[in-house]
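Next comes work15.cif, with mmCIF, C-alpha atoms.
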```
data_final
#
loop_
_atom_site.label_atom_id
_atom_site.label_comp_id
_atom_site.auth_asym_id
_atom_site.auth_seq_id
_atom_site.Cartn_x
_atom_site.Cartn_y
_atom_site.Cartn_z
CA MET A 1 -11.08 27.40 -5.23
CA SER A 2 -11.63 30.81 -6.77
CA TRP A 3 -10.00 33.99 -5.55
CA ALA A 4 -13.46 35.20 -4.58
CA ALA A 5 -13.92 32.21 -2.26
CA LEU A 6 -10.46 32.76 -0.80
CA LEU A 7 -11.23 36.41 -0.08
CA VAL A 8 -14.55 35.52 1.55
CA LEU A 9 -12.77 32.99 3.78
CA ALA A 10 -10.09 35.55 4.63
CA ALA A 11 -12.55 38.37 5.31
CA GLY A 12 -14.81 36.15 7.39
CA SER A 13 -11.91 34.80 9.43
CA TYR A 14 -10.54 38.27 10.05
CA ALA A 15 -14.00 39.51 11.05
CA LEU A 16 -14.22 36.72 13.64
CA LYS A 17 -10.80 37.58 15.03
CA ALA A 18 -11.47 41.33 15.01
CA VAL A 19 -14.81 41.29 16.83
CA GLY A 20 -12.98 41.51 20.13
CA PRO A 21 -10.30 44.08 19.33
CA LEU A 22 -12.66 46.33 17.43
CA LEU A 23 -15.43 46.18 20.00
CA VAL A 24 -13.21 46.67 23.04
CA GLY A 25 -15.22 47.61 26.05
CA GLY A 26 -17.83 44.98 25.34
CA ARG A 27 -18.39 41.94 27.44
CA PRO A 28 -16.68 38.63 26.70
CA LEU A 29 -18.52 36.14 24.51
CA PRO A 30 -21.40 34.55 26.45
CA ALA A 31 -20.17 31.40 28.15
CA ARG A 32 -22.40 29.04 26.19
CA LEU A 33 -21.40 30.55 22.89
CA ALA A 34 -17.71 30.33 23.77
CA ALA A 35 -18.23 26.72 24.87
CA VAL A 36 -19.91 25.83 21.57
CA THR A 37 -17.17 27.39 19.45
CA ALA A 38 -14.59 25.42 21.41
CA LEU A 39 -16.46 22.19 20.62
CA LEU A 40 -16.80 22.86 16.89
CA PRO A 41 -13.25 21.76 15.94
CA PRO A 42 -13.60 18.19 17.31
CA ALA A 43 -17.06 17.82 15.75
CA LEU A 44 -16.03 19.24 12.37
CA LEU A 45 -12.64 17.56 12.13
CA THR A 46 -14.24 14.17 12.78
CA ALA A 47 -16.91 14.88 10.19
CA LEU A 48 -14.22 15.85 7.70
CA VAL A 49 -12.38 12.60 8.34
CA VAL A 50 -15.59 10.62 7.78
CA VAL A 51 -16.65 12.46 4.64
CA GLN A 52 -13.21 12.43 3.05
CA THR A 53 -12.50 8.80 3.86
CA VAL A 54 -15.82 7.48 2.61
CA GLY A 55 -15.93 10.02 -0.20
CA ASP A 56 -17.51 9.31 -3.53
CA GLN A 57 -18.67 5.83 -2.80
CA ARG A 58 -20.88 7.23 -0.02
CA ALA A 59 -20.67 3.82 1.57
CA LEU A 60 -18.11 2.03 3.70
CA VAL A 61 -16.18 0.22 0.99
CA TRP A 62 -12.73 -0.88 1.98
CA ASP A 63 -10.17 0.63 -0.39
CA ALA A 64 -6.59 1.85 -0.42
CA ARG A 65 -7.54 5.29 0.89
CA MET A 66 -9.52 3.92 3.82
CA ALA A 67 -6.62 1.66 4.73
CA GLY A 68 -4.25 4.63 4.55
CA VAL A 69 -6.49 6.70 6.78
CA ALA A 70 -6.83 3.84 9.25
CA VAL A 71 -3.06 3.48 9.52
CA ALA A 72 -2.71 7.24 9.85
CA GLY A 73 -5.31 7.11 12.61
CA VAL A 74 -3.18 4.67 14.56
CA ALA A 75 -0.15 6.93 14.13
CA ALA A 76 -2.18 9.94 15.25
CA ALA A 77 -3.49 8.09 18.29
CA LEU A 78 0.11 7.24 19.17
CA ARG A 79 0.84 10.99 19.05
CA ALA A 80 3.17 10.71 16.08
CA PRO A 81 4.24 14.08 14.65
CA PHE A 82 1.90 15.75 12.17
CA VAL A 83 4.02 15.11 9.11
CA ALA A 84 4.61 11.49 10.09
CA VAL A 85 0.87 10.87 10.30
CA ILE A 86 0.29 12.32 6.84
CA VAL A 87 3.25 10.55 5.26
CA VAL A 88 2.26 7.21 6.80
CA GLY A 89 -1.26 7.62 5.42
CA MET A 90 -0.07 8.61 1.96
CA VAL A 91 2.56 5.89 1.72
CA THR A 92 0.12 3.18 2.83
CA THR A 93 -2.41 4.29 0.24
CA ALA A 94 0.19 4.70 -2.50
CA VAL A 95 1.73 1.29 -1.87
CA LEU A 96 -1.65 -0.47 -1.83
CA ARG A 97 -2.58 1.24 -5.07
CA ALA A 98 0.75 0.34 -6.66
CA LEU A 99 0.11 -3.26 -5.67
CA GLY A 100 -3.31 -3.09 -7.28
CA LEU A 101 -5.12 -3.58 -3.96
CA GLY A 102 -7.96 -1.01 -4.13
CA MET B 1 9.42 29.20 21.21
CA LEU B 2 11.94 27.45 19.02
CA ALA B 3 10.16 24.11 19.30
CA LEU B 4 6.88 25.86 18.54
CA SER B 5 8.35 27.58 15.49
CA VAL B 6 9.66 24.30 14.16
CA ALA B 7 6.31 22.58 14.67
CA VAL B 8 4.45 25.43 12.98
CA GLY B 9 7.05 25.51 10.23
CA VAL B 10 6.63 21.83 9.50
CA PHE B 11 2.85 22.22 9.45
CA GLY B 12 3.26 25.18 7.10
CA VAL B 13 5.44 23.24 4.69
CA SER B 14 2.86 20.43 4.67
CA PHE B 15 0.14 22.92 3.87
CA GLY B 16 2.18 24.42 1.05
CA VAL B 17 2.93 21.04 -0.48
CA LEU B 18 -0.63 19.72 -0.17
CA GLY B 19 -2.16 22.96 -1.40
CA VAL B 20 -0.23 22.89 -4.63
CA ALA B 21 -0.63 19.14 -5.03
CA SER B 22 -4.40 19.69 -4.78
CA GLY B 23 -4.32 21.99 -7.77
CA LEU B 24 -4.05 25.40 -6.17
CA SER B 25 -1.50 27.82 -7.56
CA VAL B 26 1.53 28.78 -5.51
CA ALA B 27 0.08 32.28 -5.29
CA MET B 28 -3.27 31.08 -3.96
CA THR B 29 -1.66 28.70 -1.48
CA CYS B 30 0.52 31.50 -0.14
CA ALA B 31 -2.37 33.95 -0.11
CA LEU B 32 -4.35 31.55 2.07
CA SER B 33 -1.56 31.47 4.63
CA ALA B 34 -1.06 35.21 4.58
CA LEU B 35 -4.70 36.31 4.55
CA VAL B 36 -6.46 33.61 6.55
CA PHE B 37 -3.54 32.74 8.87
CA ALA B 38 -5.35 29.85 10.55
CA GLY B 39 -3.85 26.40 9.98
CA GLY B 40 -6.83 24.20 10.77
CA ALA B 41 -9.27 26.22 8.69
CA GLN B 42 -6.84 26.48 5.78
CA PHE B 43 -6.28 22.75 5.87
CA ALA B 44 -10.01 22.06 6.00
CA ALA B 45 -10.84 24.41 3.14
CA VAL B 46 -8.16 23.01 0.85
CA GLY B 47 -9.08 19.48 1.88
CA VAL B 48 -12.71 20.01 0.90
CA VAL B 49 -11.66 21.43 -2.47
CA ALA B 50 -9.20 18.58 -3.02
CA ALA B 51 -11.94 16.03 -2.38
CA GLY B 52 -14.15 17.70 -4.99
CA GLY B 53 -16.28 19.77 -2.64
CA SER B 54 -17.73 23.10 -3.66
CA PRO B 55 -15.97 26.38 -2.82
CA LEU B 56 -18.99 27.22 -0.65
CA ALA B 57 -18.54 24.06 1.42
CA ALA B 58 -14.82 24.82 1.69
CA VAL B 59 -15.41 28.38 2.90
CA VAL B 60 -18.15 27.39 5.35
CA SER B 61 -16.03 24.57 6.80
CA GLY B 62 -13.12 26.96 7.28
CA LEU B 63 -15.25 29.65 8.86
CA LEU B 64 -16.94 27.22 11.25
CA LEU B 65 -13.55 26.00 12.41
CA ASN B 66 -12.50 29.62 12.95
CA THR B 67 -15.49 30.68 15.04
CA ARG B 68 -13.51 30.08 18.22
CA TYR B 69 -11.32 33.05 17.26
CA ALA B 70 -14.19 35.34 18.15
CA ALA B 71 -13.81 34.21 21.76
CA PHE B 72 -10.01 34.35 21.58
CA GLY B 73 -10.02 37.85 20.11
CA LEU B 74 -12.28 39.07 22.89
CA THR B 75 -9.93 37.56 25.45
CA VAL B 76 -6.81 39.33 24.18
CA ALA B 77 -8.54 42.58 23.19
CA PRO B 78 -7.56 44.35 26.45
CA LEU B 79 -3.90 43.66 25.63
CA LEU B 80 -3.97 45.49 22.34
CA GLY B 81 -4.03 49.04 23.59
CA ARG B 82 -6.06 51.96 22.33
CA GLY B 83 -4.64 52.70 18.90
CA LEU B 84 -6.76 51.48 15.98
CA PRO B 85 -3.83 50.41 13.76
CA GLU B 86 -2.48 48.27 16.60
CA ARG B 87 -5.85 46.63 17.13
CA LEU B 88 -6.37 46.03 13.43
CA VAL B 89 -2.99 44.33 13.03
CA GLY B 90 -3.19 42.55 16.36
CA ALA B 91 -6.52 41.02 15.36
CA HIS B 92 -4.90 39.29 12.39
CA LEU B 93 -2.32 37.71 14.69
CA VAL B 94 -5.00 36.05 16.85
CA ILE B 95 -4.22 32.35 16.59
CA ASP B 96 -4.26 29.48 19.08
CA GLU B 97 -0.59 29.82 20.00
CA SER B 98 -0.35 33.60 20.40
CA VAL B 99 -3.44 33.70 22.59
CA ALA B 100 -2.59 30.64 24.66
CA LEU B 101 0.92 31.87 25.43
CA ALA B 102 -0.22 35.42 26.17
CA LEU B 103 -2.75 34.09 28.65
CA THR B 104 -0.02 32.36 30.67
CA ARG B 105 1.35 35.76 31.69
CA LYS B 106 -0.27 37.48 34.65
CA ASP B 107 1.43 40.81 34.03
CA ARG B 108 -0.37 42.70 31.26
CA ARG B 109 2.78 44.15 29.75
CA ALA B 110 4.40 40.73 29.59
CA ALA B 111 1.25 39.21 28.11
CA ARG B 112 1.18 41.88 25.44
CA ARG B 113 4.83 41.30 24.57
CA VAL B 114 4.37 37.55 24.35
CA PHE B 115 1.29 37.96 22.16
CA TRP B 116 3.06 40.16 19.63
CA LEU B 117 6.29 38.16 19.69
CA THR B 118 4.56 34.83 19.25
CA GLY B 119 2.02 36.08 16.72
CA GLY B 120 4.62 37.99 14.73
CA ALA B 121 7.22 35.22 14.70
CA LEU B 122 4.71 32.54 13.78
CA PHE B 123 3.28 34.70 11.01
CA VAL B 124 6.72 34.89 9.44
CA VAL B 125 7.44 31.19 9.99
CA TRP B 126 4.01 30.07 8.73
CA ASN B 127 4.22 32.10 5.53
CA ALA B 128 7.86 31.30 4.77
CA ALA B 129 7.13 27.62 5.31
CA THR B 130 4.04 27.74 3.11
CA LEU B 131 6.02 29.36 0.30
CA PHE B 132 8.78 26.79 0.62
CA GLY B 133 6.31 23.91 0.63
CA ALA B 134 4.31 25.32 -2.26
CA VAL B 135 7.36 25.73 -4.48
CA ALA B 136 8.66 22.29 -3.52
CA GLY B 137 5.22 20.80 -4.05
CA THR B 138 5.13 21.78 -7.70
CA ALA B 139 7.76 19.11 -8.28
CA LEU B 140 5.54 16.28 -7.02
CA GLY B 141 4.04 13.73 -9.40
CA ASP B 142 0.56 12.27 -9.83
CA PRO B 143 -1.52 13.01 -6.72
CA GLU B 144 -3.58 9.82 -6.93
CA ALA B 145 -0.52 7.57 -7.16
CA LEU B 146 1.04 9.40 -4.24
CA GLY B 147 -1.98 8.73 -2.06
CA LEU B 148 -2.75 12.44 -1.76
CA ASP B 149 -6.44 11.79 -1.17
CA ALA B 150 -5.48 10.07 2.08
CA ALA B 151 -3.30 13.00 3.16
CA PHE B 152 -6.14 15.30 4.15
CA PRO B 153 -8.19 12.87 6.26
CA ALA B 154 -4.89 11.78 7.83
CA GLY B 155 -4.08 15.40 8.61
CA PHE B 156 -7.54 15.96 10.10
CA LEU B 157 -6.98 12.97 12.38
CA ALA B 158 -3.63 14.39 13.45
CA LEU B 159 -5.29 17.74 14.21
CA LEU B 160 -8.17 16.01 15.99
CA MET B 161 -6.26 13.85 18.50
CA PRO B 162 -4.95 16.66 20.76
CA GLN B 163 -8.48 18.07 20.90
CA LEU B 164 -9.93 14.99 22.58
CA ALA B 165 -8.79 15.91 26.09
CA THR B 166 -12.23 16.44 27.62
CA THR B 167 -15.35 14.29 27.74
CA ARG B 168 -17.32 17.02 26.01
CA ALA B 169 -14.83 17.18 23.17
CA ARG B 170 -14.99 13.43 22.71
CA VAL B 171 -18.78 13.52 22.65
CA ALA B 172 -18.65 16.37 20.14
CA ALA B 173 -16.28 14.38 17.94
CA LEU B 174 -18.39 11.21 18.13
CA SER B 175 -21.63 13.09 17.47
CA GLY B 176 -20.14 15.06 14.60
CA GLY B 177 -18.76 11.92 13.01
CA LEU B 178 -22.03 10.02 13.35
CA ILE B 179 -24.11 12.87 11.98
CA ALA B 180 -21.83 13.14 8.97
CA LEU B 181 -21.86 9.38 8.41
CA VAL B 182 -25.66 9.17 8.53
CA LEU B 183 -26.23 12.17 6.27
CA LEU B 184 -23.57 11.29 3.73
CA PRO B 185 -25.71 8.99 1.54
CA LEU B 186 -28.80 11.15 2.05
CA THR B 187 -27.84 14.77 1.44
CA PRO B 188 -26.00 16.89 -1.12
CA PRO B 189 -22.23 17.32 -0.65
CA GLY B 190 -21.21 19.81 2.01
CA VAL B 191 -24.35 19.32 4.11
CA PRO B 192 -22.94 16.45 6.23
CA ILE B 193 -20.04 18.61 7.41
CA VAL B 194 -22.12 21.66 8.26
CA ALA B 195 -24.74 19.49 9.98
CA ALA B 196 -21.99 17.89 12.06
CA ALA B 197 -21.66 21.24 13.82
CA LEU B 198 -24.80 20.19 15.70
CA GLY B 199 -22.57 17.65 17.41
CA ALA B 200 -21.01 20.56 19.26
CA LEU B 201 -24.43 21.64 20.53
CA LEU B 202 -25.24 18.10 21.64
CA ALA B 203 -21.95 17.88 23.53
CA LEU B 204 -22.81 20.97 25.54
CA ARG B 205 -25.38 18.94 27.43
CA VAL B 206 -22.66 16.61 28.70
CA GLN B 207 -21.40 17.16 32.22
CA GLU B 208 -17.67 17.00 32.68
CA PRO B 209 -16.97 14.25 35.27
CA ALA B 210 -14.89 16.63 37.44
CA VAL B 211 -17.84 18.98 37.87
CA ALA B 212 -20.17 16.16 38.91
CA SER B 213 -17.76 14.75 41.46
CA SER B 214 -17.04 18.14 43.05
CA ARG B 215 -20.78 18.64 43.45
CA GLU B 216 -20.91 15.30 45.30
CA ARG B 217 -18.20 16.47 47.63
CA VAL B 218 -20.04 19.68 48.46
CA ARG B 219 -23.25 17.77 49.14
CA SER B 220 -21.66 15.35 51.61
#
```
Now, as a test, write the supplied structure out as structure tokens.
Amino acid sequence: MSWAALLVLAAGSYALKAVGPLLVGGRPLPARLAAVTALLPPALLTALVVVQTVGDQRALVWDARMAGVAVAGVAAALRAPFVAVIVVGMVTTAVLRALGLG
Amino acid sequence: MLALSVAVGVFGVSFGVLGVASGLSVAMTCALSALVFAGGAQFAAVGVVAAGGSPLAAVVSGLLLNTRYAAFGLTVAPLLGRGLPERLVGAHLVIDESVALALTRKDRRAARRVFWLTGGALFVVWNAATLFGAVAGTALGDPEALGLDAAFPAGFLALLMPQLATTRARVAALSGGLIALVLLPLTPPGVPIVAAALGALLALRVQEPAVASSRERVRS
């Protein structure tokens, strides 16, 4: 990531946050628009999981990473703490790789 | 507030560690936390970069995740008073926690205090934690052997689970995932994630069960 990209992300994020405070006196965001923005995180986070798990192979090939993500998914579904979910995923993947299994 | 600070602190340390392990400098990792100050978007952007995505895809993913802050900012705007400096600074502190806690207070003065306290405290915690994690993360070994490539999708799953409270959210998640899965072998990198945003639009058409059943009650 370049500093330029970082600054664009920062500026864009701040602009989103500042629309309200800098345009005080305006109406709230239209209900449908607010509803859509609230639904973007679940849609995007799931897409990110899919894309990053499948990754370069672009096909559902079972490998160490996919196994790690699957185990992490179970931990997440069981409401394990954030760090525990990540560590469980990493350790599963690392161990499988160390054993030469994917 | 203490429990919240600890949770945010732990998340911040994770971000610092993973940022550096993904190849970002300590400075850049810390700058992300200070200038973007949005955990989910930061995580997504770094995750995309770590997986080999383009900076454009990283920035777009982060910004899409942050669009909800437009609504949040509008909600807390009345709390921020008339002075421009206050509104400029207050805007930066708009995050899920500061807004959610402020909105639990009926009294405007109390809401304002909670917003600034929460936003200010978490800003300090988030950035201190990121710095700590980033410095500690430079001591880690080979990312591939450590299973780092599983860390980001795992983190996204952890961030996703609490979101799935409503039917609409679940439909959005399912739609987004399916869209991404279908497009992945067909389109250039980055497109599947942006296209998955359409899943949010699709989910809008879904009726929440509670609404439907209360309509039934009114009819009878």
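Coordinates place CA of Val49 (chain A) at a distance of 26.9 Å from CA of Ala139 (chain B).
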Please find the residues of chain A near chain B - the criterion being any atom within 7 Å, counting only C-alpha atoms - and write them as a PyMOL selection string. chain A and resi 1+5-6+9-10+12-14+16-22+24+28-29+34+36-53+58+65+68-69+72-73+76-77+82+85-86+89-91+93-94+97
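Proximity to Val125 (chain B) was assessed for B:Ala110, B:Val26, B:Leu2, B:Ala102 counting all atoms listed in the file; the smallest distance is recorded for B:Leu2.
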With distances taken over all atoms listed in the file, the candidate from A:Leu101, A:Ala15, A:Leu7, A:Val71 nearest Val88 (chain A) is A:Val71
Between CA of Arg205 (chain B) and CA of Phe43 (chain B), what is the distance in Å, rounded to a tenth? 29.1 Å
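The interatomic distance for the pair CA of Arg105 (chain B) and CA of Met1 (chain B) works out to 14.8 Å.
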Would you kindly return, as a PyMOL selection string, each protein, DNA or RNA residue with an atom no farther than 6 Å from any atom of Ala64 (chain A), considering only C-alpha atoms and excluding same-chain residues fewer than 3 positions away? chain A and resi 67+93+96+102
Please expand the PyMOL selection byres ((chain B and resi 98) around 10) into the concrete residues it hits in this file, giving the result as number ranges by chain. B: 72, 76, 93-97, 99-103, 111-112, 114-122
Give me the residues within 8 Å of Asn127 (chain B) as a PyMOL selection string, counting all atoms listed in the file and dropping any in the same chain fewer than 2 places off. chain B and resi 12+30+33-34+123-125+129-131
Write a file of the just-selected residues containing C-alpha atoms, as a PDB file, in the frame of the given file.
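File produced: again.pdb:
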```pdb
ATOM      1  CA  GLY B  12       3.260  25.180   7.100  1.00  0.00           C
ATOM      2  CA  CYS B  30       0.520  31.500  -0.140  1.00  0.00           C
ATOM      3  CA  SER B  33      -1.560  31.470   4.630  1.00  0.00           C
ATOM      4  CA  ALA B  34      -1.060  35.210   4.580  1.00  0.00           C
ATOM      5  CA  PHE B 123       3.280  34.700  11.010  1.00  0.00           C
ATOM      6  CA  VAL B 124       6.720  34.890   9.440  1.00  0.00           C
ATOM      7  CA  VAL B 125       7.440  31.190   9.990  1.00  0.00           C
ATOM      8  CA  ALA B 129       7.130  27.620   5.310  1.00  0.00           C
ATOM      9  CA  THR B 130       4.040  27.740   3.110  1.00  0.00           C
ATOM     10  CA  LEU B 131       6.020  29.360   0.300  1.00  0.00           C
TER      11      LEU B 131
END
```
Can you tell me, as JSON, the centre and edge lengths (Å, one decimal) of the axis-aligned box enclosing all of region 152-160 of chain B's listed atoms after padding each side by 8 Å?
```
{"center_x": -5.9, "center_y": 14.8, "center_z": 10.1, "size_x": 20.6, "size_y": 22.0, "size_z": 27.8}
```
When you count only C-alpha atoms, which of these residues is closest to Pro188 (chain B): B:Ala165, B:Val20, B:Val8, B:Ala57? B:Ala57
